[in-house]
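> Mind looking over this structure? Questions follow.
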Amino acid sequence: MAAVAAASAVVACKDTRASSHRAVRLPTSNVRVQSLFSTRSAKATCKSARLSISCQQLPVLPENSNVDFKEMYGALPKLGKDVANTTFYPKAKDTAKEVKDWYIIDAAEHRLGRLATQVALTLRGKTNPKYHPAANMGAYVIVINAEKINVTGNKLNQKLYRRHSGRPGGLKTETLGELQKRLPERVIEKAVKGMLPKGSLGRDLFRYLKVYKGPEHPHEAQQPQPLVVPSWEKNLYKSPVISED
């Protein structure tokens with residue numbers, strides 16, 4: 001064993017573009033470590049050799065030479081548009097605040113879940129033909145009459161909202177009815193925020209949501225358009241009526 005440990009390891013590296021072999025001889029105490037080191041060293045040597053050969057094939061221009069590169073490369077054939085790279089990505093002008101639309105919706109006419117879903121889709125920009133998952137392509141959404149939002153079942157007493165102050169014993173719990181009386185805007189904001197992406201993009205999208213108590217809002221100058229929420233009754237399958245005649 002001592003004779004094997006004292007022996008030296010020979011690692012051969014073969015270049016894929018050349019037929020010559022190169023041997024690296026290193027004194028070894030650990031054959032595995034030294035073979036890995038010698039392989040990396042041989043690969044780096046082969047790479048530098050190929051790079052030097054490629055550089056030698058480039059034309060050498062004299063110093064202070066006036067070369068018209070447009071004339072040199074102008075005779076090359078035009079390949080046309082790169083059809084393999086046509087992926088659309090929004091530009092800065094597509095995500096600017098000046099080009100975003102404004103929508104308004106009355107919370108008194110809808111249920112909490114249905115309204116929050118449509119608002120989140122509009123903020124996300126999925127109704128925009130130029131939608132991109134990594135860009136803010138959404139619009140501004142104004143929600144009025146937040147205190148008149150509808151819920152089904154006994155959610156006013158069963159649905160709980162919890163928050164913690166960060167100190168021992170700082171957990172506070174309140175029902176949906178209590179939160180709606182105290183801060184009616186917070187109910188819609190929490191429902192919509194939970195449907196947005198988690199991260200910097202979701203925080204940016206949330207800033208375009210404007211929720212107000214009552215029918216008044218300070219965005220009349222933007223001339224918001226009504227936001228239509230699809231009715232769940234229209235999506236139900238209805239069997240055709242067959243006449244008895």
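Chain labels A, B, ... are given in the sequence in which chains occur in the structure tokens; within each chain residues are numbered consecutively from 1, and ligands are likewise numbered from 1 in the order shown.
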If we count only C-alpha atoms, what is near Pro224 of chain A at a cut-off of 12 Å, once residues fewer than 6 positions away on the same chain are taken out, given as a ChimeraX atom specification?
/A:100-105,139-143,210,217-218
> Could you please take those selected residues and save N, CA and C atoms as a tab-separated table (two decimals), in the first residue's frame?

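This went into part-v7.tsv:
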chain	number	residue	atom	x	y	z
A	100	LYS	N	-52.54	53.05	-19.35
A	100	LYS	CA	-53.39	52.09	-18.65
A	100	LYS	C	-54.84	52.57	-18.61
A	101	ASP	N	-55.74	51.62	-18.70
A	101	ASP	CA	-57.17	51.93	-18.63
A	101	ASP	C	-57.63	52.01	-17.18
A	102	TRP	N	-58.80	52.63	-17.01
A	102	TRP	CA	-59.41	52.76	-15.69
A	102	TRP	C	-60.78	52.09	-15.74
A	103	TYR	N	-61.05	51.28	-14.71
A	103	TYR	CA	-62.34	50.59	-14.61
A	103	TYR	C	-62.92	50.84	-13.23
A	104	ILE	N	-64.24	50.79	-13.16
A	104	ILE	CA	-64.95	50.99	-11.90
A	104	ILE	C	-65.98	49.88	-11.75
A	105	ILE	N	-66.19	49.46	-10.52
A	105	ILE	CA	-67.16	48.40	-10.23
A	105	ILE	C	-67.82	48.69	-8.90
A	139	ALA	N	-54.60	47.16	-15.45
A	139	ALA	CA	-55.26	48.45	-15.49
A	139	ALA	C	-55.62	48.87	-14.06
A	140	TYR	N	-56.04	50.10	-13.92
A	140	TYR	CA	-56.53	50.60	-12.64
A	140	TYR	C	-57.96	50.11	-12.43
A	141	VAL	N	-58.26	49.73	-11.19
A	141	VAL	CA	-59.61	49.27	-10.84
A	141	VAL	C	-60.08	50.04	-9.60
A	142	ILE	N	-61.27	50.63	-9.71
A	142	ILE	CA	-61.88	51.36	-8.62
A	142	ILE	C	-63.07	50.56	-8.11
A	143	VAL	N	-63.13	50.32	-6.83
A	143	VAL	CA	-64.24	49.59	-6.20
A	143	VAL	C	-64.94	50.54	-5.25
A	210	LYS	N	-58.02	50.64	-6.12
A	210	LYS	CA	-58.55	51.75	-5.33
A	210	LYS	C	-59.91	51.34	-4.78
A	217	HIS	N	-65.78	58.75	-5.25
A	217	HIS	CA	-64.35	58.47	-5.43
A	217	HIS	C	-63.71	59.66	-6.13
A	218	PRO	N	-62.41	59.90	-5.92
A	218	PRO	CA	-61.75	61.10	-6.47
A	218	PRO	C	-61.11	60.87	-7.84
> What lies within 9 Å of segment 175-184 of chain A using only C-alpha atoms, ignoring chain neighbours under 6 positions off, as a list of chain:residue names?
A:Asn145, A:Ala146, A:Glu147, A:Lys148, A:Ile149, A:Lys155, A:Leu156, A:Asn157, A:Gln158, A:Lys159, A:Leu160, A:Tyr161, A:Arg162, A:Tyr212, A:Lys213
> For segment 109-115 of chain A, list every protein, DNA or RNA residue within 9 Å, evaluated using only C-alpha atoms, and leave out those in the same chain fewer than 3 positions away; present the list as a PyMOL selection string.
chain A and resi 105-106+118-120+148-152+187-188+191-192+229-232
> What does the distance between atom CA of Glu220 of chain A and atom CA of Arg124 of chain A come to in Å, to one decimal place?
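That distance, rounded to one decimal, is 22.9 Å.
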> What lies within 12 Å of Pro197 of chain A using only C-alpha atoms, ignoring chain neighbours under 3 positions off, as a PyMOL selection string?
chain A and resi 120-121+123-124+133-136+192-194+200-206
> Taking into account only C-alpha atoms, which residue in the set A:Val228, A:Phe88, A:Ile144, A:Pro168 is nearest to Glu216 of chain A?
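Of the candidates, the smallest distance to Glu216 of chain A is held by A:Ile144.
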> Just the number, please: distance in Å from atom CA of Glu174 of chain A to atom CA of Arg186 of chain A, one decimal.
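Taking atom CA of Glu174 of chain A and atom CA of Arg186 of chain A, their separation equals 12.4 Å.
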> How would you write, as a PyMOL selection string, the set of residues in segment 148-201 of chain A that DSSP gives as helix (DSSP H, G or I)?
chain A and resi 148+155-158+176-182+184-193+200-201
> So how far away is atom CA of Leu227 of chain A from atom CA of Ala96 of chain A, in Å?
20.9 Å
> Where in segment 127-192 of chain A does DSSP assign strand (DSSP E or B), given as a PyMOL selection string?
chain A and resi 140-144+150+160-164+171-175
> Save out the residues we just selected, N, CA and C atoms, as a PDB file, in the first residue's frame.

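Written file, part-v4.pdb:
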ATOM      1  N   TYR A 140     -56.038  50.104 -13.922  1.00  0.00           N
ATOM      2  CA  TYR A 140     -56.532  50.603 -12.639  1.00  0.00           C
ATOM      3  C   TYR A 140     -57.960  50.108 -12.432  1.00  0.00           C
ATOM      4  N   VAL A 141     -58.265  49.735 -11.186  1.00  0.00           N
ATOM      5  CA  VAL A 141     -59.608  49.269 -10.842  1.00  0.00           C
ATOM      6  C   VAL A 141     -60.076  50.038  -9.605  1.00  0.00           C
ATOM      7  N   ILE A 142     -61.266  50.627  -9.714  1.00  0.00           N
ATOM      8  CA  ILE A 142     -61.882  51.362  -8.617  1.00  0.00           C
ATOM      9  C   ILE A 142     -63.073  50.560  -8.115  1.00  0.00           C
ATOM     10  N   VAL A 143     -63.131  50.322  -6.828  1.00  0.00           N
ATOM     11  CA  VAL A 143     -64.241  49.591  -6.204  1.00  0.00           C
ATOM     12  C   VAL A 143     -64.940  50.544  -5.246  1.00  0.00           C
ATOM     13  N   ILE A 144     -66.226  50.731  -5.444  1.00  0.00           N
ATOM     14  CA  ILE A 144     -67.018  51.610  -4.584  1.00  0.00           C
ATOM     15  C   ILE A 144     -68.028  50.777  -3.804  1.00  0.00           C
ATOM     16  N   ASN A 150     -71.459  41.466  -0.740  1.00  0.00           N
ATOM     17  CA  ASN A 150     -72.302  40.342  -0.352  1.00  0.00           C
ATOM     18  C   ASN A 150     -71.454  39.082  -0.174  1.00  0.00           C
ATOM     19  N   LEU A 160     -62.898  34.223   9.639  1.00  0.00           N
ATOM     20  CA  LEU A 160     -62.066  34.923  10.609  1.00  0.00           C
ATOM     21  C   LEU A 160     -60.872  35.571   9.916  1.00  0.00           C
ATOM     22  N   TYR A 161     -60.465  36.708  10.439  1.00  0.00           N
ATOM     23  CA  TYR A 161     -59.263  37.419   9.996  1.00  0.00           C
ATOM     24  C   TYR A 161     -58.334  37.545  11.200  1.00  0.00           C
ATOM     25  N   ARG A 162     -57.113  37.102  11.034  1.00  0.00           N
ATOM     26  CA  ARG A 162     -56.141  37.116  12.130  1.00  0.00           C
ATOM     27  C   ARG A 162     -54.960  38.018  11.764  1.00  0.00           C
ATOM     28  N   ARG A 163     -54.454  38.709  12.772  1.00  0.00           N
ATOM     29  CA  ARG A 163     -53.248  39.509  12.610  1.00  0.00           C
ATOM     30  C   ARG A 163     -52.474  39.461  13.925  1.00  0.00           C
ATOM     31  N   HIS A 164     -51.177  39.682  13.842  1.00  0.00           N
ATOM     32  CA  HIS A 164     -50.317  39.585  15.013  1.00  0.00           C
ATOM     33  C   HIS A 164     -49.436  40.814  15.090  1.00  0.00           C
ATOM     34  N   LEU A 171     -51.827  38.247  19.261  1.00  0.00           N
ATOM     35  CA  LEU A 171     -52.721  37.731  18.226  1.00  0.00           C
ATOM     36  C   LEU A 171     -54.115  38.334  18.390  1.00  0.00           C
ATOM     37  N   LYS A 172     -54.614  38.883  17.311  1.00  0.00           N
ATOM     38  CA  LYS A 172     -55.950  39.497  17.323  1.00  0.00           C
ATOM     39  C   LYS A 172     -56.784  38.830  16.239  1.00  0.00           C
ATOM     40  N   THR A 173     -58.007  38.481  16.589  1.00  0.00           N
ATOM     41  CA  THR A 173     -58.906  37.774  15.683  1.00  0.00           C
ATOM     42  C   THR A 173     -60.234  38.508  15.644  1.00  0.00           C
ATOM     43  N   GLU A 174     -60.767  38.644  14.441  1.00  0.00           N
ATOM     44  CA  GLU A 174     -62.079  39.254  14.280  1.00  0.00           C
ATOM     45  C   GLU A 174     -62.800  38.597  13.103  1.00  0.00           C
ATOM     46  N   THR A 175     -64.101  38.626  13.141  1.00  0.00           N
ATOM     47  CA  THR A 175     -64.904  38.016  12.099  1.00  0.00           C
ATOM     48  C   THR A 175     -65.038  38.952  10.901  1.00  0.00           C
TER      49      THR A 175
END
